[in-house]
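Source file: entry-v2.txt; contents: compact mmCIF, N, CA and C atoms.
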# COMPACT_ATOMS: atom_id res chain seq x y z
N MET A 107 -21.59 -7.71 -24.87
CA MET A 107 -20.45 -7.01 -24.31
C MET A 107 -20.21 -7.53 -22.89
N LYS A 108 -18.96 -7.77 -22.59
CA LYS A 108 -18.62 -8.27 -21.26
C LYS A 108 -18.45 -7.12 -20.28
N ASN A 109 -18.91 -7.35 -19.07
CA ASN A 109 -18.76 -6.35 -18.02
C ASN A 109 -17.43 -6.60 -17.31
N ALA A 110 -16.56 -5.62 -17.31
CA ALA A 110 -15.23 -5.77 -16.72
C ALA A 110 -15.29 -5.95 -15.20
N LEU A 111 -16.41 -5.61 -14.60
CA LEU A 111 -16.53 -5.73 -13.15
C LEU A 111 -16.96 -7.12 -12.70
N LEU A 112 -17.39 -7.96 -13.63
CA LEU A 112 -17.85 -9.30 -13.28
C LEU A 112 -16.70 -10.29 -13.38
N LYS A 113 -16.58 -11.14 -12.38
CA LYS A 113 -15.55 -12.17 -12.38
C LYS A 113 -16.20 -13.50 -12.74
N VAL A 114 -15.52 -14.29 -13.55
CA VAL A 114 -16.03 -15.61 -13.92
C VAL A 114 -15.78 -16.55 -12.75
N ILE A 115 -16.84 -17.26 -12.34
CA ILE A 115 -16.71 -18.23 -11.25
C ILE A 115 -16.60 -19.61 -11.89
N PRO A 116 -15.48 -20.31 -11.70
CA PRO A 116 -15.33 -21.63 -12.33
C PRO A 116 -16.30 -22.65 -11.74
N ILE A 117 -16.88 -23.48 -12.63
CA ILE A 117 -17.79 -24.54 -12.17
C ILE A 117 -16.98 -25.54 -11.36
N GLY A 118 -17.50 -25.92 -10.23
CA GLY A 118 -16.83 -26.86 -9.34
C GLY A 118 -16.09 -26.19 -8.20
N SER A 119 -15.94 -24.86 -8.27
CA SER A 119 -15.27 -24.15 -7.18
C SER A 119 -16.22 -24.08 -5.98
N LYS A 120 -15.66 -23.82 -4.81
CA LYS A 120 -16.51 -23.77 -3.62
C LYS A 120 -17.54 -22.65 -3.70
N GLU A 121 -17.20 -21.56 -4.38
CA GLU A 121 -18.16 -20.47 -4.53
C GLU A 121 -19.34 -20.89 -5.39
N MET A 122 -19.06 -21.58 -6.51
CA MET A 122 -20.13 -22.02 -7.42
C MET A 122 -21.01 -23.07 -6.74
N VAL A 123 -20.39 -23.99 -6.03
CA VAL A 123 -21.16 -25.02 -5.33
C VAL A 123 -22.06 -24.38 -4.28
N GLY A 124 -21.53 -23.42 -3.54
CA GLY A 124 -22.32 -22.70 -2.54
C GLY A 124 -23.49 -21.97 -3.17
N LEU A 125 -23.24 -21.34 -4.32
CA LEU A 125 -24.29 -20.62 -5.04
C LEU A 125 -25.37 -21.58 -5.51
N GLU A 126 -24.96 -22.75 -6.04
CA GLU A 126 -25.93 -23.74 -6.50
C GLU A 126 -26.78 -24.27 -5.35
N VAL A 127 -26.15 -24.52 -4.21
CA VAL A 127 -26.89 -25.00 -3.03
C VAL A 127 -27.90 -23.94 -2.58
N TYR A 128 -27.48 -22.68 -2.55
CA TYR A 128 -28.35 -21.58 -2.14
C TYR A 128 -29.55 -21.45 -3.08
N ILE A 129 -29.29 -21.47 -4.38
CA ILE A 129 -30.37 -21.34 -5.36
C ILE A 129 -31.30 -22.55 -5.30
N SER A 130 -30.73 -23.74 -5.15
CA SER A 130 -31.55 -24.95 -5.06
C SER A 130 -32.46 -24.92 -3.84
N THR A 131 -31.92 -24.44 -2.72
CA THR A 131 -32.71 -24.34 -1.49
C THR A 131 -33.86 -23.35 -1.67
N LEU A 132 -33.57 -22.20 -2.28
CA LEU A 132 -34.64 -21.22 -2.54
C LEU A 132 -35.71 -21.81 -3.45
N ALA A 133 -35.30 -22.54 -4.47
CA ALA A 133 -36.25 -23.12 -5.42
C ALA A 133 -37.12 -24.17 -4.74
N GLN A 134 -36.54 -24.96 -3.85
CA GLN A 134 -37.32 -25.98 -3.15
C GLN A 134 -38.34 -25.34 -2.21
N LYS A 135 -37.95 -24.26 -1.56
CA LYS A 135 -38.88 -23.57 -0.65
C LYS A 135 -40.06 -23.00 -1.41
N GLU A 136 -39.80 -22.45 -2.60
CA GLU A 136 -40.85 -21.81 -3.40
C GLU A 136 -41.51 -22.79 -4.37
N LYS A 137 -41.00 -24.04 -4.41
CA LYS A 137 -41.52 -25.07 -5.32
C LYS A 137 -41.49 -24.60 -6.77
N GLN A 138 -40.37 -24.03 -7.15
CA GLN A 138 -40.17 -23.53 -8.51
C GLN A 138 -39.04 -24.32 -9.18
N ALA A 139 -39.15 -24.48 -10.49
CA ALA A 139 -38.07 -25.11 -11.25
C ALA A 139 -36.94 -24.11 -11.43
N ILE A 140 -35.72 -24.63 -11.51
CA ILE A 140 -34.56 -23.76 -11.70
C ILE A 140 -34.26 -23.68 -13.19
N ALA A 141 -34.11 -22.47 -13.71
CA ALA A 141 -33.74 -22.26 -15.10
C ALA A 141 -32.61 -21.23 -15.15
N ILE A 142 -31.40 -21.72 -15.37
CA ILE A 142 -30.24 -20.83 -15.46
C ILE A 142 -29.69 -20.93 -16.88
N PRO A 143 -29.89 -19.91 -17.70
CA PRO A 143 -29.41 -19.96 -19.08
C PRO A 143 -27.89 -20.11 -19.13
N GLY A 144 -27.44 -21.01 -19.97
CA GLY A 144 -26.01 -21.18 -20.18
C GLY A 144 -25.32 -22.12 -19.21
N LEU A 145 -26.02 -22.60 -18.19
CA LEU A 145 -25.40 -23.52 -17.24
C LEU A 145 -25.80 -24.94 -17.59
N LYS A 146 -24.81 -25.74 -17.95
CA LYS A 146 -25.07 -27.15 -18.26
C LYS A 146 -24.43 -27.97 -17.16
N ARG A 147 -25.23 -28.76 -16.50
CA ARG A 147 -24.71 -29.52 -15.37
C ARG A 147 -25.19 -30.93 -15.46
Encoding of this model in structure tokens:
Amino acid sequence: MKNALLKVIPIGSKEMVGLEVYISTLAQKEKQAIAIPGLKR
């Protein structure tokens, strides 16, 4: 079921790129692999 309060963020938008950079930075600090279900990049 889709949540009506969630907005889809298009891949390649500045928001998505910012989110990817933020998550990548966190993962590098913690030395963890990134696993995001459904994201193919």
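Atom CA of A:Val127 sits 14.1 Å away from atom CA of A:Ala141.
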Atom CA of A:Ile142 to atom CA of A:Ile129, distance in Å rounded to a single decimal: 10.1 Å
Atom CA of A:Gln138 and atom CA of A:Met122 are how many Å apart? 20.1 Å
A:Ile140 environment, 8 Å, only N, CA and C atoms, sequence neighbours closer than 4 positions dropped, as a PDB file with N, CA and C atoms, in the frame of the given file:
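Listing of selection.pdb after writing:
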ATOM      1  N   ILE A 129     -29.290 -21.470  -4.380  1.00  0.00           N
ATOM      2  CA  ILE A 129     -30.370 -21.340  -5.360  1.00  0.00           C
ATOM      3  C   ILE A 129     -31.300 -22.550  -5.300  1.00  0.00           C
ATOM      4  N   SER A 130     -30.730 -23.740  -5.150  1.00  0.00           N
ATOM      5  CA  SER A 130     -31.550 -24.950  -5.060  1.00  0.00           C
ATOM      6  C   SER A 130     -32.460 -24.920  -3.840  1.00  0.00           C
ATOM      7  N   ALA A 133     -35.300 -22.540  -4.470  1.00  0.00           N
ATOM      8  CA  ALA A 133     -36.250 -23.120  -5.420  1.00  0.00           C
ATOM      9  C   ALA A 133     -37.120 -24.170  -4.740  1.00  0.00           C
ATOM     10  N   GLN A 134     -36.540 -24.960  -3.850  1.00  0.00           N
ATOM     11  CA  GLN A 134     -37.320 -25.980  -3.150  1.00  0.00           C
ATOM     12  C   GLN A 134     -38.340 -25.340  -2.210  1.00  0.00           C
TER      13      GLN A 134
END
Edge lengths and centre, in Å to one decimal, as lines of an AutoDock Vina configuration file: that's what I need for the box along x, y and z that holds all listed atoms of stretch 123-141 of chain A plus 6 Å on each side.
center_x = -31.0
center_y = -23.3
center_z = -7.9
size_x = 33.1
size_y = 17.4
size_z = 26.5
Out of chain A, which residues get alpha helix (DSSP H) from DSSP, as a PyMOL selection string? chain A and resi 120-136
Next, the residues of the selection above should be written as a PDB file, keeping the file's coordinate frame with N, CA and C atoms.
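Below is the file that was written, again.pdb:
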ATOM      1  N   LYS A 120     -15.660 -23.820  -4.810  1.00  0.00           N
ATOM      2  CA  LYS A 120     -16.510 -23.770  -3.620  1.00  0.00           C
ATOM      3  C   LYS A 120     -17.540 -22.650  -3.700  1.00  0.00           C
ATOM      4  N   GLU A 121     -17.200 -21.560  -4.380  1.00  0.00           N
ATOM      5  CA  GLU A 121     -18.160 -20.470  -4.530  1.00  0.00           C
ATOM      6  C   GLU A 121     -19.340 -20.890  -5.390  1.00  0.00           C
ATOM      7  N   MET A 122     -19.060 -21.580  -6.510  1.00  0.00           N
ATOM      8  CA  MET A 122     -20.130 -22.020  -7.420  1.00  0.00           C
ATOM      9  C   MET A 122     -21.010 -23.070  -6.740  1.00  0.00           C
ATOM     10  N   VAL A 123     -20.390 -23.990  -6.030  1.00  0.00           N
ATOM     11  CA  VAL A 123     -21.160 -25.020  -5.330  1.00  0.00           C
ATOM     12  C   VAL A 123     -22.060 -24.380  -4.280  1.00  0.00           C
ATOM     13  N   GLY A 124     -21.530 -23.420  -3.540  1.00  0.00           N
ATOM     14  CA  GLY A 124     -22.320 -22.700  -2.540  1.00  0.00           C
ATOM     15  C   GLY A 124     -23.490 -21.970  -3.170  1.00  0.00           C
ATOM     16  N   LEU A 125     -23.240 -21.340  -4.320  1.00  0.00           N
ATOM     17  CA  LEU A 125     -24.290 -20.620  -5.040  1.00  0.00           C
ATOM     18  C   LEU A 125     -25.370 -21.580  -5.510  1.00  0.00           C
ATOM     19  N   GLU A 126     -24.960 -22.750  -6.040  1.00  0.00           N
ATOM     20  CA  GLU A 126     -25.930 -23.740  -6.500  1.00  0.00           C
ATOM     21  C   GLU A 126     -26.780 -24.270  -5.350  1.00  0.00           C
ATOM     22  N   VAL A 127     -26.150 -24.520  -4.210  1.00  0.00           N
ATOM     23  CA  VAL A 127     -26.890 -25.000  -3.030  1.00  0.00           C
ATOM     24  C   VAL A 127     -27.900 -23.940  -2.580  1.00  0.00           C
ATOM     25  N   TYR A 128     -27.480 -22.680  -2.550  1.00  0.00           N
ATOM     26  CA  TYR A 128     -28.350 -21.580  -2.140  1.00  0.00           C
ATOM     27  C   TYR A 128     -29.550 -21.450  -3.080  1.00  0.00           C
ATOM     28  N   ILE A 129     -29.290 -21.470  -4.380  1.00  0.00           N
ATOM     29  CA  ILE A 129     -30.370 -21.340  -5.360  1.00  0.00           C
ATOM     30  C   ILE A 129     -31.300 -22.550  -5.300  1.00  0.00           C
ATOM     31  N   SER A 130     -30.730 -23.740  -5.150  1.00  0.00           N
ATOM     32  CA  SER A 130     -31.550 -24.950  -5.060  1.00  0.00           C
ATOM     33  C   SER A 130     -32.460 -24.920  -3.840  1.00  0.00           C
ATOM     34  N   THR A 131     -31.920 -24.440  -2.720  1.00  0.00           N
ATOM     35  CA  THR A 131     -32.710 -24.340  -1.490  1.00  0.00           C
ATOM     36  C   THR A 131     -33.860 -23.350  -1.670  1.00  0.00           C
ATOM     37  N   LEU A 132     -33.570 -22.200  -2.280  1.00  0.00           N
ATOM     38  CA  LEU A 132     -34.640 -21.220  -2.540  1.00  0.00           C
ATOM     39  C   LEU A 132     -35.710 -21.810  -3.450  1.00  0.00           C
ATOM     40  N   ALA A 133     -35.300 -22.540  -4.470  1.00  0.00           N
ATOM     41  CA  ALA A 133     -36.250 -23.120  -5.420  1.00  0.00           C
ATOM     42  C   ALA A 133     -37.120 -24.170  -4.740  1.00  0.00           C
ATOM     43  N   GLN A 134     -36.540 -24.960  -3.850  1.00  0.00           N
ATOM     44  CA  GLN A 134     -37.320 -25.980  -3.150  1.00  0.00           C
ATOM     45  C   GLN A 134     -38.340 -25.340  -2.210  1.00  0.00           C
ATOM     46  N   LYS A 135     -37.950 -24.260  -1.560  1.00  0.00           N
ATOM     47  CA  LYS A 135     -38.880 -23.570  -0.650  1.00  0.00           C
ATOM     48  C   LYS A 135     -40.060 -23.000  -1.410  1.00  0.00           C
ATOM     49  N   GLU A 136     -39.800 -22.450  -2.600  1.00  0.00           N
ATOM     50  CA  GLU A 136     -40.850 -21.810  -3.400  1.00  0.00           C
ATOM     51  C   GLU A 136     -41.510 -22.790  -4.370  1.00  0.00           C
TER      52      GLU A 136
END
